[in-house]
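Novice: Okay, so here is entry05.cif, and as you'll see once you scroll down, it has mmCIF, C-alpha atoms and all ligand atoms.
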```cif
data_query
#
loop_
_atom_site.label_atom_id
_atom_site.label_comp_id
_atom_site.auth_asym_id
_atom_site.auth_seq_id
_atom_site.Cartn_x
_atom_site.Cartn_y
_atom_site.Cartn_z
CA MET A 1 0.00 0.00 0.00
CA LYS A 2 1.35 3.38 -1.03
CA ILE A 3 0.76 6.57 0.92
CA HIS A 4 1.18 10.26 0.17
CA GLU A 5 4.31 12.25 0.96
CA TYR A 6 2.58 14.33 3.64
CA GLN A 7 1.30 11.17 5.36
CA ALA A 8 4.73 9.56 5.22
CA LYS A 9 6.27 12.68 6.72
CA GLN A 10 3.81 12.70 9.61
CA LEU A 11 4.77 9.11 10.40
CA LEU A 12 8.48 9.81 9.99
CA LYS A 13 8.22 12.80 12.30
CA ALA A 14 6.50 10.66 14.93
CA ALA A 15 9.39 8.18 14.58
CA GLY A 16 11.89 10.94 15.27
CA VAL A 17 13.13 11.37 11.70
CA PRO A 18 13.67 15.09 10.98
CA VAL A 19 11.32 16.52 8.35
CA PRO A 20 10.69 20.19 7.53
CA PRO A 21 7.51 21.67 9.01
CA GLY A 22 4.51 21.57 6.68
CA PHE A 23 0.72 21.54 6.33
CA VAL A 24 -1.57 19.78 3.92
CA ALA A 25 -3.97 22.06 2.01
CA ARG A 26 -7.05 21.36 -0.12
CA SER A 27 -7.81 24.93 -1.23
CA GLY A 28 -5.98 28.13 -2.08
CA ALA A 29 -7.09 29.67 1.21
CA GLU A 30 -5.70 26.72 3.19
CA ALA A 31 -2.40 27.01 1.31
CA ALA A 32 -2.17 30.73 2.14
CA GLU A 33 -2.92 29.96 5.79
CA ALA A 34 -0.21 27.28 5.78
CA PHE A 35 2.33 29.73 4.36
CA THR A 36 1.49 32.25 7.09
CA LYS A 37 1.79 29.62 9.82
CA LEU A 38 5.18 28.51 8.47
CA GLY A 39 6.31 32.11 8.70
CA GLY A 40 8.21 32.33 5.39
CA PRO A 41 10.25 33.78 3.82
CA ILE A 42 9.99 30.85 1.39
CA ALA A 43 7.87 27.71 1.20
CA VAL A 44 7.36 24.93 -1.31
CA VAL A 45 3.93 23.89 -2.63
CA LYS A 46 4.03 20.18 -3.45
CA SER A 47 1.39 18.21 -5.38
CA GLN A 48 0.33 15.09 -3.53
CA ILE A 49 0.03 12.10 -5.85
CA HIS A 50 1.20 8.50 -5.56
CA ALA A 51 4.02 8.97 -8.04
CA GLY A 52 7.48 10.45 -8.17
CA GLY A 53 9.13 12.79 -10.63
CA ARG A 54 6.78 15.62 -9.59
CA GLY A 55 9.49 18.27 -9.67
CA LYS A 56 10.17 17.64 -13.35
CA GLY A 57 6.52 16.84 -14.17
CA ARG A 58 4.13 19.27 -15.84
CA PHE A 59 0.41 19.97 -15.51
CA LYS A 60 -1.78 19.30 -18.53
CA GLU A 61 -3.76 22.46 -17.77
CA HIS A 62 -0.69 24.60 -16.95
CA PRO A 63 2.21 23.52 -19.15
CA ASP A 64 4.65 25.89 -17.42
CA LEU A 65 3.92 24.68 -13.92
CA GLY A 66 5.82 21.79 -12.29
CA GLY A 67 4.45 19.60 -9.50
CA VAL A 68 6.73 21.22 -6.88
CA LYS A 69 6.92 25.01 -6.75
CA LEU A 70 8.80 27.46 -4.56
CA VAL A 71 6.66 30.37 -3.32
CA ARG A 72 7.51 33.60 -1.49
CA SER A 73 4.19 34.86 -0.16
CA ALA A 74 0.84 33.64 1.13
CA GLU A 75 -0.82 35.06 -2.03
CA GLU A 76 1.58 33.15 -4.26
CA ALA A 77 1.02 29.95 -2.24
CA SER A 78 -2.72 30.37 -2.70
CA GLN A 79 -2.40 31.08 -6.42
CA ILE A 80 -0.12 28.08 -7.10
CA ALA A 81 -2.23 25.72 -4.97
CA THR A 82 -5.37 26.84 -6.82
CA GLN A 83 -3.70 26.04 -10.14
CA MET A 84 -2.51 22.63 -8.95
CA LEU A 85 -5.70 21.47 -7.22
CA GLY A 86 -8.03 19.65 -9.58
CA SER A 87 -5.42 19.70 -12.35
CA THR A 88 -3.67 16.69 -13.85
CA LEU A 89 0.03 16.23 -13.26
CA VAL A 90 1.99 14.15 -15.75
CA THR A 91 5.35 12.79 -14.58
CA ILE A 92 7.71 10.10 -15.80
CA GLN A 93 6.04 7.74 -13.32
CA THR A 94 2.35 8.52 -13.94
CA GLY A 95 2.28 7.62 -17.62
CA PRO A 96 0.74 9.97 -20.20
CA ALA A 97 -2.68 9.96 -18.50
CA GLY A 98 -1.23 11.69 -15.43
CA LYS A 99 -2.83 11.92 -12.00
CA GLN A 100 -5.28 14.44 -10.65
CA VAL A 101 -4.07 16.45 -7.67
CA SER A 102 -6.58 16.71 -4.82
CA ALA A 103 -4.23 17.91 -2.07
CA VAL A 104 -1.01 19.90 -1.86
CA TYR A 105 1.59 19.96 0.89
CA VAL A 106 2.91 23.37 1.83
CA GLU A 107 6.33 22.89 3.34
CA GLY A 108 8.95 25.21 4.78
CA GLY A 109 11.72 25.87 2.27
CA LEU A 110 15.11 24.63 3.45
CA GLU A 111 18.55 26.03 2.70
CA ILE A 112 20.04 23.01 1.01
CA ALA A 113 23.81 22.44 1.16
CA ARG A 114 23.83 18.91 -0.29
CA GLU A 115 21.23 16.61 -1.81
CA LEU A 116 21.77 12.91 -1.10
CA TYR A 117 19.77 9.79 -1.85
CA LEU A 118 18.45 7.23 0.64
CA GLY A 119 16.44 4.10 -0.03
CA VAL A 120 15.52 1.07 2.07
CA VAL A 121 14.30 -1.94 0.14
CA VAL A 122 13.90 -5.65 0.71
CA ASP A 123 16.71 -7.33 -1.17
CA ARG A 124 16.19 -10.94 -2.23
CA ASP A 125 19.90 -11.63 -2.54
CA VAL A 126 20.52 -10.99 1.14
CA ALA A 127 16.99 -12.08 2.16
CA GLY A 128 16.37 -8.93 4.15
CA PRO A 129 16.26 -5.15 4.08
CA VAL A 130 19.16 -3.16 2.68
CA LEU A 131 19.90 0.51 3.23
CA MET A 132 21.15 2.25 0.12
CA ILE A 133 22.67 5.69 0.15
CA SER A 134 24.29 7.83 -2.48
CA SER A 135 25.90 11.22 -2.84
CA GLU A 136 24.00 11.56 -6.12
CA GLY A 137 20.68 12.69 -4.68
CA GLY A 138 17.89 14.76 -6.12
CA MET A 139 18.30 13.34 -9.61
CA ASP A 140 17.21 10.12 -11.23
CA ILE A 141 18.69 7.38 -9.11
CA GLU A 142 17.87 4.86 -11.86
CA GLU A 143 20.49 6.61 -14.02
CA VAL A 144 23.08 6.37 -11.25
CA ALA A 145 22.28 2.68 -10.72
CA ALA A 146 22.64 1.99 -14.44
CA HIS A 147 25.77 4.03 -15.20
CA SER A 148 27.73 4.37 -11.96
CA PRO A 149 26.50 1.71 -9.54
CA GLU A 150 29.65 2.16 -7.42
CA LYS A 151 28.17 5.47 -6.26
CA ILE A 152 25.42 3.62 -4.39
CA LEU A 153 26.59 2.41 -0.99
CA LYS A 154 24.74 -0.46 0.65
CA GLU A 155 24.42 -1.81 4.17
CA LYS A 156 22.55 -4.96 5.04
CA ILE A 157 20.14 -4.46 7.92
CA ASP A 158 19.89 -6.66 10.96
CA VAL A 159 16.11 -6.69 11.49
CA LEU A 160 16.40 -7.29 15.22
CA ALA A 161 19.10 -4.75 16.05
CA GLY A 162 18.35 -2.19 13.36
CA LEU A 163 21.19 -0.23 11.78
CA HIS A 164 24.28 -0.46 13.97
CA GLY A 165 26.10 2.74 14.91
CA PHE A 166 29.25 1.59 13.13
CA GLN A 167 27.29 0.99 9.92
CA ALA A 168 25.80 4.49 10.06
CA ARG A 169 29.24 6.04 10.67
CA LYS A 170 30.79 4.00 7.86
CA LEU A 171 28.20 5.44 5.45
CA ALA A 172 28.64 8.97 6.82
CA PHE A 173 32.43 8.81 6.29
CA ALA A 174 31.99 7.34 2.81
CA LEU A 175 29.76 10.31 1.93
CA GLY A 176 32.49 12.65 3.13
CA LEU A 177 30.46 14.09 6.01
CA GLU A 178 32.24 16.06 8.69
CA GLY A 179 31.74 17.47 12.18
CA ASN A 180 28.13 17.65 13.38
CA GLN A 181 26.93 16.25 10.02
CA ILE A 182 28.14 12.83 11.16
CA LYS A 183 26.11 12.82 14.40
CA SER A 184 23.10 14.10 12.52
CA ALA A 185 23.47 11.37 9.88
CA GLU A 186 23.96 8.62 12.45
CA SER A 187 20.75 9.51 14.25
CA PHE A 188 18.79 10.04 11.02
CA LEU A 189 19.83 6.74 9.44
CA GLN A 190 19.17 4.68 12.55
CA LYS A 191 15.73 6.19 13.10
CA MET A 192 14.86 5.80 9.43
CA VAL A 193 15.77 2.11 9.49
CA ARG A 194 13.87 1.59 12.77
CA PHE A 195 10.80 3.17 11.11
CA PHE A 196 11.15 0.84 8.12
CA ILE A 197 11.27 -2.25 10.34
CA ASP A 198 8.61 -1.25 12.85
CA SER A 199 6.08 -0.18 10.24
CA ASP A 200 6.60 -3.22 7.97
CA CYS A 201 7.54 -1.16 4.94
CA SER A 202 8.36 -2.86 1.69
CA MET A 203 10.04 0.29 0.41
CA ALA A 204 11.03 3.68 1.81
CA GLU A 205 12.80 6.26 -0.29
CA ILE A 206 14.06 9.70 0.67
CA ASN A 207 15.20 11.54 -2.43
CA PRO A 208 16.51 14.06 -1.78
CA LEU A 209 17.85 13.50 1.67
CA VAL A 210 19.37 16.88 2.41
CA LEU A 211 22.06 18.38 4.53
CA THR A 212 21.32 21.97 5.50
CA LYS A 213 23.98 24.67 5.71
CA SER A 214 24.02 24.14 9.49
CA GLY A 215 24.85 20.43 9.07
CA GLU A 216 21.46 18.92 9.86
CA MET A 217 19.93 16.08 7.89
CA PHE A 218 16.29 16.30 6.73
CA ALA A 219 13.93 14.14 4.68
CA LEU A 220 12.82 16.46 1.90
CA ASP A 221 10.83 13.88 0.01
CA ALA A 222 9.32 10.67 1.33
CA LYS A 223 7.96 7.73 -0.63
CA VAL A 224 6.76 4.94 1.62
CA THR A 225 5.10 1.65 0.66
CA PHE A 226 3.80 -0.75 3.29
CA ASP A 227 3.79 -4.50 2.88
CA SER A 228 0.07 -5.20 2.40
CA ASN A 229 0.44 -8.62 4.02
CA ALA A 230 1.45 -6.95 7.28
CA LEU A 231 -1.29 -4.31 7.33
CA TYR A 232 -3.32 -6.32 9.84
CA ARG A 233 -0.66 -5.36 12.37
CA HIS A 234 -1.13 -1.65 11.65
CA LYS A 235 -4.83 -0.86 11.81
CA ASN A 236 -3.92 2.82 12.20
CA TYR A 237 -2.62 2.84 8.60
CA GLU A 238 -6.03 1.95 7.15
CA PRO A 239 -7.30 5.56 7.00
CA LEU A 240 -4.13 6.52 5.08
CA ARG A 241 -5.24 4.50 2.08
CA ASP A 242 -6.31 6.72 -0.84
CA LEU A 243 -8.50 4.59 -3.09
CA SER A 244 -8.70 7.35 -5.70
CA GLU A 245 -4.99 6.77 -6.37
CA GLU A 246 -5.46 3.07 -6.99
CA ASP A 247 -6.64 1.32 -10.13
CA ALA A 248 -10.47 1.10 -9.89
CA SER A 249 -10.60 -2.49 -11.18
CA GLU A 250 -7.96 -3.57 -8.64
CA VAL A 251 -9.95 -2.02 -5.79
CA ARG A 252 -13.11 -3.77 -7.00
CA ALA A 253 -11.27 -7.10 -7.19
CA THR A 254 -9.87 -6.77 -3.66
CA THR A 255 -13.41 -6.18 -2.38
CA ALA A 256 -14.53 -9.43 -4.08
CA GLY A 257 -11.61 -11.35 -2.55
CA LEU A 258 -9.80 -11.72 -5.87
CA SER A 259 -6.17 -10.98 -6.45
CA PHE A 260 -5.98 -8.88 -9.53
CA VAL A 261 -3.33 -6.83 -11.27
CA LYS A 262 -4.17 -4.88 -14.41
CA LEU A 263 -1.71 -5.19 -17.29
CA ASP A 264 -1.53 -3.66 -20.76
CA GLY A 265 -2.30 -6.61 -23.07
CA ASN A 266 -5.59 -7.80 -24.60
CA ILE A 267 -6.05 -11.35 -23.28
CA GLY A 268 -8.02 -11.45 -20.05
CA CYS A 269 -6.98 -14.28 -17.73
CA LEU A 270 -9.10 -16.02 -15.11
CA VAL A 271 -7.06 -18.53 -13.18
CA ASN A 272 -7.10 -20.27 -9.80
CA GLY A 273 -3.86 -20.09 -7.86
CA ALA A 274 -1.15 -17.46 -8.08
CA GLY A 275 1.48 -19.86 -9.43
CA LEU A 276 -0.86 -21.09 -12.15
CA ALA A 277 -1.76 -17.47 -12.97
CA MET A 278 1.93 -16.59 -13.36
CA SER A 279 2.62 -19.57 -15.61
CA THR A 280 -0.52 -18.83 -17.64
CA MET A 281 0.80 -15.34 -18.34
CA ASP A 282 4.19 -16.77 -19.28
CA VAL A 283 2.71 -19.31 -21.65
CA ILE A 284 0.47 -16.67 -23.29
CA LYS A 285 3.54 -14.55 -23.92
CA LEU A 286 5.47 -17.56 -25.20
CA HIS A 287 2.74 -18.01 -27.82
CA GLY A 288 2.94 -14.39 -28.90
CA GLY A 289 0.03 -12.99 -26.86
CA GLU A 290 -0.10 -10.25 -24.23
CA PRO A 291 -2.03 -10.76 -20.98
CA ALA A 292 -4.46 -7.99 -19.99
CA ASN A 293 -4.33 -8.89 -16.34
CA PHE A 294 -3.30 -11.27 -13.61
CA LEU A 295 -6.37 -12.66 -11.87
CA ASP A 296 -6.36 -15.35 -9.23
CA VAL A 297 -9.85 -16.40 -8.10
CA GLY A 298 -8.38 -18.58 -5.37
CA GLY A 299 -8.83 -22.23 -4.51
CA GLY A 300 -12.56 -22.26 -3.84
CA ALA A 301 -13.86 -20.13 -6.70
CA ASN A 302 -17.64 -19.75 -6.47
CA VAL A 303 -20.29 -18.44 -8.89
CA ASP A 304 -20.24 -14.93 -7.42
CA GLN A 305 -16.47 -14.66 -7.65
CA VAL A 306 -16.30 -16.02 -11.18
CA THR A 307 -19.10 -13.64 -12.24
CA GLU A 308 -17.37 -10.65 -10.67
CA ALA A 309 -14.06 -11.77 -12.18
CA PHE A 310 -15.59 -11.82 -15.69
CA ARG A 311 -17.13 -8.39 -15.11
CA ILE A 312 -13.81 -6.92 -13.99
CA ILE A 313 -11.96 -8.47 -16.93
CA LEU A 314 -14.56 -7.24 -19.43
CA GLY A 315 -14.55 -3.81 -17.80
CA ASP A 316 -11.19 -3.33 -19.50
CA PRO A 317 -11.90 -2.15 -23.07
CA ASN A 318 -8.58 -3.62 -24.24
CA VAL A 319 -9.75 -7.18 -23.58
CA LYS A 320 -10.41 -8.98 -26.88
CA ALA A 321 -10.38 -12.59 -25.63
CA ILE A 322 -10.48 -14.46 -22.33
CA LEU A 323 -8.54 -17.48 -21.21
CA VAL A 324 -9.86 -19.45 -18.25
CA ASN A 325 -7.31 -21.84 -16.81
CA ILE A 326 -8.58 -23.71 -13.78
CA PHE A 327 -7.26 -26.69 -11.94
CA GLY A 328 -9.94 -28.64 -10.11
CA GLY A 329 -8.06 -29.74 -7.05
CA ILE A 330 -10.07 -28.60 -4.08
CA MET A 331 -13.14 -28.27 -6.29
CA GLN A 332 -14.35 -30.62 -8.95
CA CYS A 333 -14.26 -29.51 -12.59
CA THR A 334 -18.02 -30.04 -12.81
CA THR A 335 -18.59 -27.44 -10.09
CA ILE A 336 -16.27 -25.07 -11.93
CA ALA A 337 -17.98 -25.71 -15.26
CA GLU A 338 -21.34 -24.98 -13.65
CA ALA A 339 -20.04 -21.72 -12.16
CA LEU A 340 -18.57 -20.72 -15.52
CA LEU A 341 -21.84 -21.35 -17.35
CA ILE A 342 -23.90 -19.38 -14.83
CA ALA A 343 -21.40 -16.51 -14.90
CA TYR A 344 -21.35 -16.65 -18.72
CA GLU A 345 -25.13 -16.20 -18.76
CA LYS A 346 -25.14 -13.42 -16.17
CA VAL A 347 -22.33 -11.37 -17.68
CA GLY A 348 -23.08 -11.90 -21.37
CA ILE A 349 -19.63 -12.63 -22.72
CA THR A 350 -19.07 -11.17 -26.17
CA VAL A 351 -15.39 -11.99 -26.78
CA PRO A 352 -13.92 -15.43 -27.57
CA LEU A 353 -13.62 -17.54 -24.43
CA VAL A 354 -11.07 -20.34 -24.21
CA VAL A 355 -11.37 -22.71 -21.26
CA ARG A 356 -8.80 -25.17 -20.05
CA LEU A 357 -9.89 -27.35 -17.17
CA GLU A 358 -7.77 -29.98 -15.48
CA GLY A 359 -8.14 -32.15 -12.43
CA SER A 360 -10.88 -34.08 -10.74
CA GLN A 361 -13.98 -34.85 -12.89
CA VAL A 362 -12.35 -33.11 -15.86
CA GLU A 363 -14.07 -35.18 -18.54
CA ALA A 364 -17.53 -34.48 -17.12
CA GLY A 365 -16.71 -30.78 -16.71
CA ARG A 366 -15.51 -30.40 -20.31
CA LYS A 367 -18.57 -32.24 -21.55
CA MET A 368 -20.82 -29.77 -19.72
CA LEU A 369 -19.09 -26.85 -21.44
CA ASP A 370 -19.03 -28.52 -24.87
CA GLU A 371 -22.72 -29.40 -24.72
CA SER A 372 -23.82 -26.06 -23.31
CA GLY A 373 -24.34 -24.54 -26.75
CA ARG A 374 -22.26 -21.52 -25.64
CA ARG A 375 -19.40 -20.16 -27.71
CA ILE A 376 -16.76 -21.71 -25.51
CA ILE A 377 -13.53 -23.00 -27.02
CA SER A 378 -12.24 -26.03 -25.11
CA ALA A 379 -8.56 -26.62 -24.65
CA THR A 380 -6.82 -29.75 -23.47
CA ASP A 381 -3.65 -28.32 -21.99
CA LEU A 382 -2.05 -24.95 -21.33
CA ALA A 383 -0.12 -24.76 -24.60
CA ASP A 384 -3.27 -25.66 -26.51
CA ALA A 385 -5.21 -23.00 -24.59
CA ALA A 386 -2.61 -20.31 -25.27
CA THR A 387 -2.44 -21.20 -28.96
CA LYS A 388 -6.23 -21.09 -29.26
CA VAL A 389 -6.65 -17.80 -27.40
CA VAL A 390 -3.96 -16.09 -29.45
CA ALA A 391 -5.51 -17.48 -32.66
CA SER A 392 -8.95 -16.22 -31.58
CA LEU A 393 -7.65 -12.64 -31.65
CA GLY A 394 -7.02 -12.87 -35.36
CA ALA A 395 -10.35 -14.54 -36.07
P1 LIG B 401 9.74 14.45 -6.72
O1 LIG B 401 10.76 13.44 -6.31
O2 LIG B 401 8.39 13.83 -6.89
O3 LIG B 401 10.17 15.25 -7.92
P2 LIG B 401 10.56 16.05 -4.41
O4 LIG B 401 9.85 16.10 -3.12
O5 LIG B 401 11.83 15.27 -4.43
O6 LIG B 401 9.55 15.52 -5.52
O7 LIG B 401 10.83 17.56 -4.86
C1 LIG B 401 11.55 17.89 -6.06
C2 LIG B 401 12.67 18.89 -5.74
O8 LIG B 401 12.14 20.06 -5.13
C3 LIG B 401 13.70 18.35 -4.73
O9 LIG B 401 14.71 17.63 -5.39
C4 LIG B 401 14.20 19.62 -4.09
O10 LIG B 401 15.27 20.15 -4.84
C5 LIG B 401 13.03 20.59 -4.16
N1 LIG B 401 12.33 20.66 -2.83
C6 LIG B 401 11.36 19.83 -2.39
N2 LIG B 401 10.97 20.15 -1.15
C7 LIG B 401 11.71 21.24 -0.78
C8 LIG B 401 11.79 22.06 0.42
N3 LIG B 401 11.02 21.83 1.48
N4 LIG B 401 12.69 23.07 0.42
C9 LIG B 401 13.49 23.30 -0.65
N5 LIG B 401 13.46 22.58 -1.79
C10 LIG B 401 12.59 21.56 -1.86
MG MG B 402 12.02 13.18 -4.86
#
```
Take the structure in the file and write it out as structure tokens.

Specialist:
Amino acid sequence: MKIHEYQAKQLLKAAGVPVPPGFVARSGAEAAEAFTKLGGPIAVVKSQIHAGGRGKGRFKEHPDLGGVKLVRSAEEASQIATQMLGSTLVTIQTGPAGKQVSAVYVEGGLEIARELYLGVVVDRDVAGPVLMISSEGGMDIEEVAAHSPEKILKEKIDVLAGLHGFQARKLAFALGLEGNQIKSAESFLQKMVRFFIDSDCSMAEINPLVLTKSGEMFALDAKVTFDSNALYRHKNYEPLRDLSEEDASEVRATTAGLSFVKLDGNIGCLVNGAGLAMSTMDVIKLHGGEPANFLDVGGGANVDQVTEAFRIILGDPNVKAILVNIFGGIMQCTTIAEALLIAYEKVGITVPLVVRLEGSQVEAGRKMLDESGRRIISATDLADAATKVVASLGA
């Protein structure tokens, strides 16, 4: 689950990580009030969307305005916020459609001496979290990783102890910090890592992480993603969820108990089991097709779930064919066939539908589909199903 920058900063602040003072605003008047409370002389008005690259992004409605803007008066804060609110910001991460801004964060402007990069991610190679830090902050870290990976320093995190003092100092020295900057960095890094562990983050990125002229370290940006599987331990994070930032079909699927990820292809997939869903997507691609989604209806797929799954898949205008790949392990294929036929009737499927069933009572299940009089293309195995669904696109 992703959250907004202003929400992440409230949590970071509570965890003792230094962030500049700031207020969220949903109108020009609120932005002006925020500027006055901050006391000037400068502040930054920042568009709140679940995507990065805001600084370099541009508004569709205001091509000269970026997603992060320095302001010098309450009037200017109000004017900029009014332009941003309700407008669509396009950044390298939003895709061409952009994202509509419904809140801005008005933050005190800092006197930046150095912009650094900090990221904490879960690294498969070390089977745990890793703290990454780089002197090349503020710019595209992907470029740094691709062209000068040696500029990214890494420390493996001990999840019980957190970041050790010696690890923090090692990084501070490697960044060339001096004097009180080192103490400031040590405290910042340790608290940041503690926050990551205690809140079950899957990713936390501070870019830029800044050093002020007086040697203090501050989080100037904050991108935090929580591990959704651990959210049950953090009921207080529930209100932070912004459904308007999430894909509507994914939200609908979650409500129906389906695991669904929208993709860009044109073959809708309805599968039971995450592993089977992954291999179905692979095999579709192997046969020259492009999956439109990942959809796992789970082990005990029932009529309601299958119906809702078809509706979600067909809600995507790109979908030109559907492949159902279900293994009757817990359920018998006859039960699945029955659910498919009822859902077919209810939803009114208009695109080619290829069904591959396997498992218990498979012969009887296939027979039910074949004799149903519906336009259902039967497949015997996964390769056959993929071949048939790709062929149906050209038909
Ligand atoms: P994004 O990563 O989405 O572009 P950031 O929060 O990193 O958004 O802001 C972009 C740039 O704006 C930063 O690299 C920094 O130079 C500047 N900036 C952001 N917040 C402040 C602030 N409070 N004071 C001064 N400059 C800021
Ligand atoms: Mg940033």

Novice: Leaving out A:Val224 and any residue of its chain fewer than 4 positions from it, which residues lie within 9 Å of it when counting all atoms listed in the file, given as a ChimeraX atom specification?

Specialist: /A:1-5,8,196,201-206

Novice: Identify, counting all atoms listed in the file, the protein, DNA and RNA residues located within 8 Å of ligand LIG 401 (chain B), and give them as an MDAnalysis selection string.

Specialist: chainID A and resid 5 20 43:44 46 51:57 67:70 107:112 115 137:139 206:208 220:222

Novice: Do a neighbour search on A:Met132 at 6 Å with only C-alpha atoms, toss out local chain neighbours closer than 3 positions, and write the hits as a list in words.

Specialist: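 Residues meeting the cut-off are Leu118, Gly119, Leu153 and Lys154 of chain A.
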
Novice: Export, as a PDB file, keeping the file's coordinate frame, the selected residues with C-alpha atoms.

Specialist:
```pdb
ATOM      1  CA  LEU A 118      18.450   7.230   0.640  1.00  0.00           C
ATOM      2  CA  GLY A 119      16.440   4.100  -0.030  1.00  0.00           C
ATOM      3  CA  LEU A 153      26.590   2.410  -0.990  1.00  0.00           C
ATOM      4  CA  LYS A 154      24.740  -0.460   0.650  1.00  0.00           C
TER       5      LYS A 154
END
```

Novice: Would you kindly return, as a list of chain:residue names, each protein, DNA or RNA residue with an atom no farther than 8 Å from any atom of A:Val104, considering all atoms listed in the file and excluding same-chain residues fewer than 2 positions away?

Specialist: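 Skipping anything fewer than 2 positions along the chain leaves A:Val24, A:Ala25, A:Arg26, A:Ala31, A:Val45, A:Lys46, A:Ser47, A:Gln48, A:Ala81, A:Met84, A:Leu85, A:Val101, A:Ser102, A:Val106.
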
Novice: I'd like the interatomic distance between atom CA of A:Thr335 and atom CA of A:Val362, to a tenth of an Å.

Specialist: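 Interatomic distance, atom CA of A:Thr335 to atom CA of A:Val362: 10.2 Å.
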